[in-house]
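Student: Below is target-v2.txt; it holds compact mmCIF, C-alpha atoms.
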```txt
# COMPACT_ATOMS: atom_id res chain seq x y z
CA MET A 1 -2.90 7.49 6.98
CA THR A 2 -2.20 3.75 6.92
CA ASN A 3 0.13 4.39 9.81
CA GLN A 4 -2.72 6.01 11.76
CA LEU A 5 -5.05 3.16 10.93
CA HIS A 6 -2.38 0.74 12.09
CA SER A 7 -1.98 2.45 15.49
CA PHE A 8 -5.77 2.58 15.87
CA GLU A 9 -6.09 -1.13 15.18
CA GLN A 10 -3.18 -1.89 17.48
CA ALA A 11 -4.87 0.05 20.28
CA ILE A 12 -8.15 -1.83 19.76
CA GLU A 13 -6.27 -5.13 19.67
CA LYS A 14 -4.46 -4.37 22.95
CA ASP A 15 -7.56 -2.98 24.72
CA ILE A 16 -6.05 0.51 24.92
CA SER A 17 -8.92 2.99 24.95
CA ILE A 18 -9.38 5.40 22.12
CA GLU A 19 -9.48 9.00 23.34
CA PRO A 20 -11.07 12.05 21.67
CA LYS A 21 -7.94 13.43 20.03
CA ASN A 22 -6.66 10.08 18.76
CA TRP A 23 -7.06 9.35 15.08
CA MET A 24 -10.01 7.05 14.38
CA PRO A 25 -11.71 5.79 11.21
CA GLU A 26 -14.61 7.99 10.15
CA ALA A 27 -17.01 5.03 10.33
CA TYR A 28 -15.95 4.32 13.93
CA ARG A 29 -16.67 7.95 14.83
CA LYS A 30 -20.04 7.88 13.06
CA THR A 31 -21.09 4.60 14.66
CA LEU A 32 -20.23 5.97 18.10
CA ILE A 33 -22.03 9.27 17.56
CA ARG A 34 -25.11 7.33 16.46
CA GLN A 35 -24.96 4.89 19.36
CA ILE A 36 -24.10 7.41 22.10
CA GLY A 37 -26.64 9.87 20.72
CA GLN A 38 -29.38 7.21 20.74
CA HIS A 39 -28.35 6.24 24.22
CA ALA A 40 -28.55 9.86 25.42
CA HIS A 41 -31.93 10.33 23.74
CA SER A 42 -33.17 7.16 25.44
CA GLU A 43 -32.31 8.64 28.82
CA VAL A 44 -34.19 11.83 27.96
CA VAL A 45 -37.27 10.14 26.51
CA GLY A 46 -37.11 7.60 29.35
CA MET A 47 -38.05 10.37 31.76
CA LEU A 48 -41.46 10.74 30.13
CA PRO A 49 -43.23 7.48 31.02
CA GLU A 50 -42.02 7.81 34.61
CA GLY A 51 -42.66 11.55 34.83
CA ASN A 52 -46.25 10.65 34.03
CA TRP A 53 -46.53 9.23 37.58
CA ILE A 54 -44.62 11.75 39.70
CA THR A 55 -47.72 13.66 40.71
CA ARG A 56 -49.64 10.43 41.29
CA ALA A 57 -47.09 8.34 43.17
CA PRO A 58 -48.85 6.39 45.95
CA SER A 59 -46.83 7.89 48.81
CA LEU A 60 -44.47 10.74 49.58
CA LYS A 61 -41.59 8.26 49.83
CA ARG A 62 -42.29 6.79 46.39
CA LYS A 63 -42.65 10.28 44.98
CA ALA A 64 -39.27 11.39 46.35
CA VAL A 65 -37.66 8.20 45.01
CA LEU A 66 -39.22 8.65 41.59
CA LEU A 67 -38.12 12.29 41.42
CA ALA A 68 -34.56 11.27 42.27
CA LYS A 69 -34.63 8.54 39.64
CA VAL A 70 -35.95 10.86 36.93
CA GLN A 71 -33.31 13.43 37.87
CA ASP A 72 -30.66 10.71 37.48
CA GLU A 73 -31.95 9.93 33.98
CA ALA A 74 -31.50 13.59 33.04
CA GLY A 75 -27.98 13.43 34.44
CA HIS A 76 -27.23 10.27 32.45
CA ALA A 77 -28.36 11.99 29.28
CA LEU A 78 -26.02 14.88 30.02
CA TYR A 79 -23.01 12.58 30.56
CA LEU A 80 -23.79 10.91 27.26
CA TYR A 81 -24.33 14.08 25.24
CA SER A 82 -20.95 15.27 26.55
CA ALA A 83 -19.36 12.01 25.41
CA ALA A 84 -20.93 12.43 21.96
CA GLU A 85 -19.63 16.00 21.79
CA THR A 86 -16.06 14.79 22.28
CA LEU A 87 -16.50 13.12 18.87
CA GLY A 88 -17.53 16.36 17.22
CA ALA A 89 -21.30 15.90 17.50
CA ASP A 90 -23.36 18.97 18.30
CA ARG A 91 -25.80 18.78 21.19
CA ASP A 92 -28.45 21.12 19.78
CA ASP A 93 -28.18 19.40 16.43
CA MET A 94 -28.77 15.99 18.07
CA MET A 95 -31.86 17.37 19.81
CA ASP A 96 -33.15 18.75 16.49
CA LYS A 97 -32.62 15.35 14.88
CA LEU A 98 -34.47 13.57 17.68
CA ILE A 99 -37.45 15.88 17.32
CA ALA A 100 -37.38 15.55 13.53
CA GLY A 101 -37.43 11.75 13.91
CA ARG A 102 -34.00 11.38 12.32
CA MET A 103 -32.39 9.89 15.41
CA LYS A 104 -33.75 6.98 17.41
CA TYR A 105 -34.11 6.16 21.06
CA SER A 106 -34.84 2.92 22.88
CA SER A 107 -38.13 1.46 21.66
CA ILE A 108 -39.13 0.51 25.20
CA PHE A 109 -40.16 4.09 25.97
CA ASN A 110 -42.84 3.99 23.32
CA TYR A 111 -44.96 1.86 25.62
CA PRO A 112 -47.36 3.63 27.98
CA THR A 113 -47.32 3.45 31.79
CA LEU A 114 -50.92 2.54 32.46
CA SER A 115 -50.72 1.87 36.18
CA TRP A 116 -48.38 2.57 39.09
CA ALA A 117 -47.17 -1.01 38.80
CA ASP A 118 -45.77 -0.13 35.37
CA VAL A 119 -43.47 2.41 37.01
CA ALA A 120 -42.20 -0.32 39.34
CA ALA A 121 -41.81 -2.68 36.38
CA ILE A 122 -39.80 -0.09 34.48
CA GLY A 123 -37.38 0.40 37.36
CA TRP A 124 -36.94 -3.31 37.87
CA LEU A 125 -37.14 -4.76 34.33
CA VAL A 126 -36.24 -1.90 32.02
CA ASP A 127 -33.43 -0.55 34.16
CA GLY A 128 -32.42 -4.14 34.87
CA ALA A 129 -32.07 -4.77 31.14
CA ALA A 130 -30.26 -1.46 30.71
CA ILE A 131 -27.79 -2.45 33.44
CA VAL A 132 -26.91 -5.71 31.66
CA ASN A 133 -26.25 -3.71 28.52
CA GLN A 134 -24.41 -0.90 30.26
CA VAL A 135 -22.18 -3.06 32.44
CA ALA A 136 -20.90 -4.59 29.20
CA LEU A 137 -20.34 -1.09 27.80
CA CYS A 138 -18.11 -0.08 30.73
CA ARG A 139 -15.33 -1.81 28.75
CA THR A 140 -16.22 -0.27 25.40
CA SER A 141 -13.23 0.90 23.36
CA TYR A 142 -14.00 4.64 23.35
CA GLY A 143 -12.74 6.19 26.61
CA PRO A 144 -15.33 8.94 27.24
CA TYR A 145 -18.21 6.52 26.55
CA ALA A 146 -16.76 3.89 28.87
CA ARG A 147 -16.27 6.44 31.66
CA ALA A 148 -19.83 7.73 31.28
CA MET A 149 -21.03 4.12 31.57
CA VAL A 150 -19.13 3.55 34.79
CA ARG A 151 -20.84 6.55 36.38
CA ILE A 152 -24.22 5.51 35.04
CA CYS A 153 -23.93 1.92 36.24
CA LYS A 154 -23.16 3.08 39.77
CA GLU A 155 -26.37 5.10 39.83
CA GLU A 156 -28.51 2.63 37.93
CA SER A 157 -28.32 0.03 40.65
CA PHE A 158 -30.57 2.15 42.87
CA HIS A 159 -33.09 2.38 40.02
CA GLN A 160 -33.42 -1.36 39.71
CA ARG A 161 -33.58 -1.99 43.44
CA GLN A 162 -36.25 0.63 44.07
CA GLY A 163 -38.31 -0.83 41.21
CA PHE A 164 -38.02 -4.35 42.58
CA GLU A 165 -38.95 -3.17 46.06
CA ALA A 166 -42.01 -1.30 44.80
CA MET A 167 -42.99 -4.40 42.84
CA MET A 168 -42.50 -6.61 45.89
CA GLN A 169 -44.82 -4.40 47.88
CA LEU A 170 -47.53 -4.84 45.26
CA ALA A 171 -46.90 -8.56 44.90
CA ASN A 172 -47.28 -9.01 48.66
CA GLY A 173 -50.34 -6.76 48.82
CA THR A 174 -54.03 -7.38 48.22
CA PRO A 175 -55.08 -9.75 45.41
CA GLU A 176 -55.90 -6.67 43.30
CA GLN A 177 -52.42 -5.22 43.90
CA LYS A 178 -50.81 -8.54 43.05
CA GLN A 179 -52.83 -8.64 39.84
CA MET A 180 -51.62 -5.12 39.01
CA ALA A 181 -48.06 -6.34 39.46
CA GLN A 182 -48.67 -9.37 37.23
CA ASP A 183 -50.31 -7.21 34.55
CA ALA A 184 -47.28 -4.91 34.54
CA VAL A 185 -44.93 -7.89 34.14
CA ASN A 186 -47.12 -9.15 31.30
CA ARG A 187 -46.92 -5.77 29.59
CA PHE A 188 -43.19 -5.13 30.06
CA TRP A 189 -41.57 -8.58 29.87
CA TRP A 190 -41.39 -8.85 26.11
CA PRO A 191 -40.59 -5.19 25.42
CA ALA A 192 -37.74 -5.54 27.97
CA LEU A 193 -36.34 -8.50 26.01
CA MET A 194 -36.61 -6.43 22.84
CA MET A 195 -34.37 -3.75 24.37
CA PHE A 196 -31.32 -5.82 23.41
CA GLY A 197 -32.09 -5.30 19.74
CA PRO A 198 -32.53 -7.71 16.84
CA SER A 199 -31.25 -11.28 17.09
CA ASP A 200 -27.61 -11.84 16.15
CA ASP A 201 -28.38 -13.27 12.72
CA ASN A 202 -30.45 -10.19 11.93
CA SER A 203 -28.16 -7.47 13.25
CA PRO A 204 -26.04 -6.26 10.33
CA ASN A 205 -24.01 -3.62 12.21
CA SER A 206 -23.07 -5.85 15.13
CA ALA A 207 -20.07 -7.59 13.59
CA GLN A 208 -18.23 -4.34 12.89
CA SER A 209 -19.09 -2.96 16.35
CA MET A 210 -17.76 -6.15 17.93
CA ALA A 211 -14.58 -5.92 15.86
CA TRP A 212 -14.05 -2.35 17.06
CA LYS A 213 -14.88 -3.48 20.60
CA ILE A 214 -17.62 -0.87 20.85
CA LYS A 215 -19.84 -3.84 21.68
CA ARG A 216 -18.27 -6.52 23.84
CA PHE A 217 -21.15 -9.03 23.76
CA SER A 218 -23.76 -9.82 21.13
CA ASN A 219 -27.43 -8.86 21.47
CA ASP A 220 -28.46 -12.46 22.08
CA GLU A 221 -25.75 -13.04 24.69
CA LEU A 222 -26.87 -10.00 26.66
CA ARG A 223 -30.55 -10.94 26.30
CA GLN A 224 -29.81 -14.42 27.63
CA LYS A 225 -27.97 -12.93 30.60
CA PHE A 226 -30.95 -10.72 31.40
CA VAL A 227 -33.38 -13.64 31.22
CA ASP A 228 -31.13 -15.78 33.43
CA ASN A 229 -30.83 -12.92 35.94
CA THR A 230 -34.48 -12.00 35.99
CA VAL A 231 -36.63 -15.13 35.78
CA PRO A 232 -35.71 -16.19 39.35
CA GLN A 233 -36.65 -12.69 40.54
CA VAL A 234 -40.08 -12.94 38.91
CA LEU A 235 -40.62 -16.29 40.58
CA GLN A 236 -39.45 -14.99 43.95
CA LEU A 237 -42.13 -12.32 43.72
CA GLY A 238 -44.70 -15.09 43.28
CA LEU A 239 -45.45 -13.83 39.78
CA SER A 240 -45.20 -15.62 36.46
CA VAL A 241 -43.38 -14.94 33.22
CA PRO A 242 -45.75 -14.45 30.26
CA ASP A 243 -43.94 -16.98 28.09
CA PRO A 244 -45.39 -20.52 27.72
CA ASP A 245 -42.12 -21.70 26.13
CA LEU A 246 -39.93 -20.65 29.03
CA ARG A 247 -38.06 -23.52 30.64
CA PHE A 248 -34.80 -24.09 32.49
CA ASN A 249 -32.28 -26.23 30.66
CA GLN A 250 -30.40 -28.28 33.26
CA ASP A 251 -27.60 -29.10 30.84
CA THR A 252 -26.76 -25.56 29.76
CA GLY A 253 -27.73 -23.88 33.02
CA HIS A 254 -29.69 -21.30 31.04
CA TYR A 255 -33.36 -20.48 30.58
CA GLU A 256 -34.75 -21.14 27.12
CA PHE A 257 -37.42 -18.73 26.03
CA GLY A 258 -39.95 -18.27 23.27
CA GLU A 259 -39.60 -16.34 20.04
CA ILE A 260 -39.82 -12.56 20.32
CA ASN A 261 -42.54 -10.91 18.25
CA TRP A 262 -40.15 -9.27 15.79
CA THR A 263 -42.96 -7.70 13.79
CA GLU A 264 -43.93 -5.71 16.86
CA PHE A 265 -40.28 -4.84 17.48
CA PHE A 266 -39.71 -3.45 13.98
CA ASP A 267 -43.09 -1.69 14.01
CA VAL A 268 -42.23 0.19 17.19
CA ILE A 269 -38.81 1.12 15.80
CA ALA A 270 -40.50 2.34 12.62
CA GLY A 271 -42.62 4.72 14.68
CA LYS A 272 -45.77 2.63 14.97
CA GLY A 273 -45.58 1.97 18.72
CA PRO A 274 -48.34 3.07 21.08
CA CYS A 275 -46.60 6.31 22.20
CA ASN A 276 -44.02 7.26 19.55
CA HIS A 277 -45.88 10.37 18.49
CA GLU A 278 -46.68 11.43 22.05
CA ARG A 279 -43.03 11.10 23.17
CA ILE A 280 -41.62 13.18 20.34
CA GLU A 281 -44.35 15.77 20.79
CA ALA A 282 -43.51 16.07 24.48
CA ARG A 283 -39.83 16.58 23.61
CA ARG A 284 -40.68 19.16 20.95
CA LYS A 285 -42.89 21.07 23.35
CA ALA A 286 -40.23 21.06 26.08
CA TRP A 287 -37.46 22.06 23.66
CA GLU A 288 -39.42 24.89 22.07
CA GLY A 289 -40.95 25.98 25.37
CA GLY A 290 -37.52 26.18 26.95
CA LYS A 291 -36.02 28.21 24.14
CA TRP A 292 -36.65 31.57 25.77
CA VAL A 293 -34.88 30.38 28.92
CA ARG A 294 -31.81 29.24 26.98
CA ASP A 295 -31.74 32.45 24.97
CA THR A 296 -32.27 34.70 27.97
CA ALA A 297 -29.48 33.01 29.90
CA ALA A 298 -27.17 33.52 26.94
CA VAL A 299 -28.05 37.20 26.63
CA TYR A 300 -27.57 37.67 30.38
CA ALA A 301 -24.15 36.00 30.21
CA GLN A 302 -23.16 38.27 27.35
CA LYS A 303 -24.26 41.39 29.25
CA GLN A 304 -22.32 40.34 32.34
CA GLN A 305 -19.24 39.82 30.23
CA THR A 306 -19.55 43.22 28.59
CA GLN A 307 -20.01 44.88 31.98
CA GLN A 308 -16.95 43.14 33.38
CA GLN A 309 -14.86 44.26 30.42
CA GLN A 310 -16.06 47.84 30.82
CA GLN A 311 -15.17 47.78 34.51
CA LYS A 312 -11.68 46.56 33.65
CA VAL A 313 -11.19 49.38 31.16
CA ALA A 314 -12.45 51.96 33.65
CA MET B 315 -30.88 34.39 18.88
CA ASP B 316 -31.08 31.66 16.29
CA ASN B 317 -27.42 30.76 16.31
CA LYS B 318 -26.77 27.51 18.09
CA ASN B 319 -24.18 26.69 20.69
CA HIS B 320 -24.31 29.97 22.49
CA TRP B 321 -23.84 27.97 25.65
CA SER B 322 -20.19 27.21 26.27
CA LEU B 323 -18.72 23.80 26.94
CA TYR B 324 -17.15 23.52 30.39
CA GLU B 325 -14.87 20.89 31.90
CA VAL B 326 -15.73 19.89 35.45
CA PHE B 327 -13.23 18.97 38.19
CA VAL B 328 -14.33 17.68 41.57
CA ARG B 329 -12.43 17.30 44.84
CA SER B 330 -14.04 14.26 46.38
CA LYS B 331 -12.75 14.97 49.87
CA GLN B 332 -10.47 17.28 51.74
CA GLY B 333 -6.86 16.26 51.19
CA LEU B 334 -7.31 14.96 47.63
CA SER B 335 -6.77 16.92 44.44
CA HIS B 336 -9.52 17.96 42.04
CA ARG B 337 -10.12 15.35 39.39
CA HIS B 338 -11.69 15.70 35.96
CA VAL B 339 -15.14 14.11 36.00
CA GLY B 340 -16.70 15.22 32.72
CA SER B 341 -18.09 18.20 30.91
CA LEU B 342 -21.31 20.14 30.51
CA ARG B 343 -22.81 23.12 28.75
CA ALA B 344 -23.81 26.32 30.51
CA SER B 345 -24.56 29.92 29.68
CA ASP B 346 -22.01 31.38 32.10
CA ASP B 347 -19.52 30.45 34.83
CA GLU B 348 -21.97 30.67 37.68
CA VAL B 349 -24.58 28.53 35.97
CA ALA B 350 -21.83 26.09 35.03
CA LEU B 351 -20.95 25.69 38.69
CA GLN B 352 -24.57 25.07 39.66
CA ASN B 353 -25.10 22.63 36.80
CA ALA B 354 -21.89 20.84 37.77
CA ARG B 355 -23.23 20.42 41.30
CA ASP B 356 -26.51 18.98 39.98
CA VAL B 357 -24.97 16.75 37.33
CA TYR B 358 -21.81 15.48 39.02
CA THR B 359 -22.40 15.59 42.79
CA ARG B 360 -25.90 14.24 43.40
CA ARG B 361 -24.52 11.68 45.85
CA ASN B 362 -21.98 13.59 47.95
CA GLU B 363 -19.24 13.01 45.41
CA GLY B 364 -17.55 16.29 46.18
CA VAL B 365 -16.61 19.05 48.61
CA SER B 366 -15.31 21.44 45.98
CA ILE B 367 -15.86 21.97 42.24
CA TRP B 368 -13.87 23.74 39.54
CA VAL B 369 -15.38 24.56 36.19
CA VAL B 370 -13.35 25.90 33.29
CA LYS B 371 -14.33 26.68 29.72
CA SER B 372 -13.00 23.86 27.53
CA GLU B 373 -11.69 26.36 24.98
CA LEU B 374 -9.32 27.80 27.60
CA ILE B 375 -7.48 24.52 28.06
CA THR B 376 -4.23 24.06 26.17
CA SER B 377 -3.38 20.43 25.64
CA SER B 378 -0.67 18.30 24.11
CA GLN B 379 -1.46 16.59 20.82
CA PRO B 380 -1.51 12.79 20.63
CA ASP B 381 0.15 12.98 17.17
CA GLU B 382 3.26 14.62 18.54
CA LYS B 383 3.42 12.25 21.51
CA PRO B 384 6.78 10.59 20.75
CA GLU B 385 8.64 13.89 20.25
CA PHE B 386 6.84 15.66 23.05
CA PHE B 387 7.49 13.06 25.70
CA ASP B 388 10.82 11.87 24.31
CA PRO B 389 13.05 13.86 26.69
CA SER B 390 11.88 11.78 29.65
CA LEU B 391 12.23 8.41 27.95
CA ASP B 392 16.00 8.04 27.80
CA LYS B 393 16.81 9.22 31.30
CA VAL B 394 16.59 6.01 33.26
CA TYR B 395 18.90 7.53 35.87
CA ARG B 396 15.91 9.59 37.08
CA HIS B 397 14.46 6.44 38.61
CA PRO B 398 15.68 5.06 41.93
CA THR B 399 15.90 1.54 40.48
CA PHE B 400 18.80 2.71 38.24
CA TYR B 401 21.18 2.60 41.18
CA ASN B 402 22.70 -0.55 42.64
CA ILE B 403 22.83 -0.47 46.38
CA PRO B 404 24.37 -3.50 48.13
CA ASP B 405 22.25 -5.70 50.38
CA GLY B 406 22.42 -4.77 54.01
CA ILE B 407 22.17 -1.01 53.48
CA GLU B 408 19.02 0.03 55.26
CA HIS B 409 16.64 2.98 55.24
CA MET B 410 17.26 3.76 51.57
```
Mind turning the file's structure into structure tokens?
Tutor:
Amino acid sequence: MTNQLHSFEQAIEKDISIEPKNWMPEAYRKTLIRQIGQHAHSEVVGMLPEGNWITRAPSLKRKAVLLAKVQDEAGHALYLYSAAETLGADRDDMMDKLIAGRMKYSSIFNYPTLSWADVAAIGWLVDGAAIVNQVALCRTSYGPYARAMVRICKEESFHQRQGFEAMMQLANGTPEQKQMAQDAVNRFWWPALMMFGPSDDNSPNSAQSMAWKIKRFSNDELRQKFVDNTVPQVLQLGLSVPDPDLRFNQDTGHYEFGEINWTEFFDVIAGKGPCNHERIEARRKAWEGGKWVRDTAAVYAQKQQTQQQQQKVA
Amino acid sequence: MDNKNHWSLYEVFVRSKQGLSHRHVGSLRASDDEVALQNARDVYTRRNEGVSIWVVKSELITSSQPDEKPEFFDPSLDKVYRHPTFYNIPDGIEHM
């Protein structure tokens, strides 16, 4: 037992990935199942605000792009559920827990997409923030999670670029279109910053996750990176950042930004966001509505198998 | 049909191009082999990542155990003479 713990800690120390059949502390396994499960759920729920605009995309091109992006999100969820299953988690059980409100997903998806510009903002800002987070996770200590992240990051780059391009088109359009773009930035800027989670001095689980190298950078480090990446992009679009305290610090080379509204953050996490109920309801409806398909496919598979066995006997 | 997990777990292997071997890319759940193949195409080859796919039920794979690693792989550890670098060949000998 102590021997196993020793080899586990040695592996973490030497940056050797932990693989499914390796011994690992129960708390490490639990933390990963929770984190990967939440991540997978975020991909699934993340399809909803964008799916809202598939039938109303402004052109056939944008519609095709949005469909491809939403399909990617479904794929990302599937990679992640598979990774969680290598730890002994059960996929159906995770879905039940999501619907019962016993597992979380990224709070960003509890905000509505009021205009087409919001869809562009999600691709650019929300996927942009996700990329910062996920690039860091490509070196996470658990092998299957790291490998899923590598795949996801490759695909995510298209998401961010298409969002920025759609935003650019609005920003360079009529004054009304530019205003739409600005409104979307105003709505999504702060929620995007909140995606990195609570500040470091208020994030009790972070230290252990850093020690296990599940997390490689702190919430605040990643948030700072996102701000530094993104502010110049906002300015290049001719738009402004809805933060009166934002300023560039010449000495540090970083942007300093205002205080996040943590009350709003914790409210949304606690289920009091604008769309929490709607999102879970949509998932419940899809899960229950799809039950007959899952069951029928299983019965069909069983019949085929029986037939094949009978043919072999005959 | 209230029992869960009646969809099997499959491991997916993709040949990225002719001339290369199939490589494990991940896993998925499916009701049967044919659906597994179609799901594998949708999940793992949305961007021309493959020209051929294998799917196999995870439960059919027999694997070595990490715990028995030293004993299991021991026989190959102490046979340095299996490597070309074990042999001293004088300078000036070419094509070897």
Student: List every protein, DNA or RNA residue that has an atom no more than 9 Å from (-19.7, 19.0, 45.3) in the file's coordinate frame, counting only C-alpha atoms, and report them as number ranges by chain.
Tutor: B: 328-330, 354-356, 358-367
Student: Go through chain B residue by residue and, counting all atoms listed in the file, keep those with an atom at most 7 Å from chain A; for each kept residue give the shortest atom pair and its distance in Å to one decimal, ordered by chain and increasing number, as a Markdown table.
Tutor:
```
| residue | atom | partner | partner_atom | distance |
| --- | --- | --- | --- | --- |
| B:Met315 | CA | A:Asp295 | CA | 6.4 |
| B:Lys318 | CA | A:Asp92 | CA | 6.8 |
| B:His320 | CA | A:Ala298 | CA | 6.4 |
| B:Trp321 | CA | A:Ala298 | CA | 6.6 |
| B:Ser341 | CA | A:Ser82 | CA | 6.0 |
| B:Leu342 | CA | A:Ser82 | CA | 6.3 |
| B:Ser345 | CA | A:Ala298 | CA | 5.2 |
| B:Asp346 | CA | A:Ala301 | CA | 5.4 |
| B:Val357 | CA | A:Gly75 | CA | 5.3 |
| B:Pro380 | CA | A:Asn22 | CA | 6.1 |
```
Student: Please list as a list in words every residue within 10 Å of stretch 176-180 of chain A, counting all atoms listed in the file and excluding residues in the same chain fewer than 3 positions away.
Tutor: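 Here the qualifying residues turn out to be Ser115, Trp116, Ala117, Asp118, Met167, Met168, Gln169, Leu170, Ala171, Asn172, Gly173, Asp183, Ala184, Val185, Asn186, Leu237, Gly238 and Leu239 of chain A.
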Student: With C-alpha atoms retained, export the selected residues as a PDB file, keeping the file's coordinate frame.
Tutor:
```pdb
ATOM      1  CA  SER A 115     -50.720   1.870  36.180  1.00  0.00           C
ATOM      2  CA  TRP A 116     -48.380   2.570  39.090  1.00  0.00           C
ATOM      3  CA  ALA A 117     -47.170  -1.010  38.800  1.00  0.00           C
ATOM      4  CA  ASP A 118     -45.770  -0.130  35.370  1.00  0.00           C
ATOM      5  CA  MET A 167     -42.990  -4.400  42.840  1.00  0.00           C
ATOM      6  CA  MET A 168     -42.500  -6.610  45.890  1.00  0.00           C
ATOM      7  CA  GLN A 169     -44.820  -4.400  47.880  1.00  0.00           C
ATOM      8  CA  LEU A 170     -47.530  -4.840  45.260  1.00  0.00           C
ATOM      9  CA  ALA A 171     -46.900  -8.560  44.900  1.00  0.00           C
ATOM     10  CA  ASN A 172     -47.280  -9.010  48.660  1.00  0.00           C
ATOM     11  CA  GLY A 173     -50.340  -6.760  48.820  1.00  0.00           C
ATOM     12  CA  ASP A 183     -50.310  -7.210  34.550  1.00  0.00           C
ATOM     13  CA  ALA A 184     -47.280  -4.910  34.540  1.00  0.00           C
ATOM     14  CA  VAL A 185     -44.930  -7.890  34.140  1.00  0.00           C
ATOM     15  CA  ASN A 186     -47.120  -9.150  31.300  1.00  0.00           C
ATOM     16  CA  LEU A 237     -42.130 -12.320  43.720  1.00  0.00           C
ATOM     17  CA  GLY A 238     -44.700 -15.090  43.280  1.00  0.00           C
ATOM     18  CA  LEU A 239     -45.450 -13.830  39.780  1.00  0.00           C
TER      19      LEU A 239
END
```
Student: Between atom CA of A:Tyr255 and atom CA of A:Asp228, measure the distance and give it in Å to one decimal.
Tutor: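 Answer for the atom CA of A:Tyr255 to atom CA of A:Asp228 separation: 5.9 Å.
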Student: How many Å lie between atom CA of B:Gly340 and atom CA of B:Ile375, rounded to one decimal?
Tutor: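 Going from atom CA of B:Gly340 over to atom CA of B:Ile375, I get 13.9 Å.
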Student: When distances are computed from all atoms listed in the file, which of A:Glu264, A:Glu26, A:Glu50, A:Glu281 shows the smallest separation from A:Leu87?
Tutor: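 Smallest distance to A:Leu87 is found for A:Glu26.
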Student: What does the structure give for the distance between atom CA of A:Val132 and atom CA of A:Lys154, in Å to one decimal?
Tutor: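 One can read the atom CA of A:Val132 to atom CA of A:Lys154 distance as 12.5 Å.
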Student: For a quick check of understanding, using all atoms listed in the file, which of A:Ala129, A:Val150, A:Leu66, A:Val231 has the smallest distance to A:Asn219?
Tutor: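 Selected residue with least distance to A:Asn219: A:Ala129.
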Student: Please list as an mmCIF file with C-alpha atoms, in the coordinates of the input every residue within 8 Å of A:Lys69, counting all atoms listed in the file and excluding residues in the same chain fewer than 4 positions away.
Tutor:
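Result went into out.cif, see below:
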```cif
data_model
loop_
_atom_site.group_PDB
_atom_site.id
_atom_site.type_symbol
_atom_site.label_atom_id
_atom_site.label_comp_id
_atom_site.auth_asym_id
_atom_site.auth_seq_id
_atom_site.Cartn_x
_atom_site.Cartn_y
_atom_site.Cartn_z
ATOM 1 C CA VAL A 65 -37.660 8.200 45.010
ATOM 2 C CA GLU A 73 -31.950 9.930 33.980
ATOM 3 C CA HIS A 159 -33.090 2.380 40.020
#
```
Student: Box time for stretch 281-285 of chain A: axis-aligned, enclosing all its listed atoms, 5 Å extra on each side; report centre and edge lengths in Å to one decimal, as AutoDock Vina command-line options.
Tutor:
```
--center_x -42.1 --center_y 18.4 --center_z 22.6 --size_x 14.5 --size_y 15.3 --size_z 13.7
```
Student: Select all residues near (-38.3, -11.9, 28.2) (cut-off 8 Å, inclusive, file coordinates), counting all atoms listed in the file, and output them as JSON, numbers by chain.
Tutor: {"A": [189, 190, 191, 192, 193, 194, 227, 241, 243, 257]}
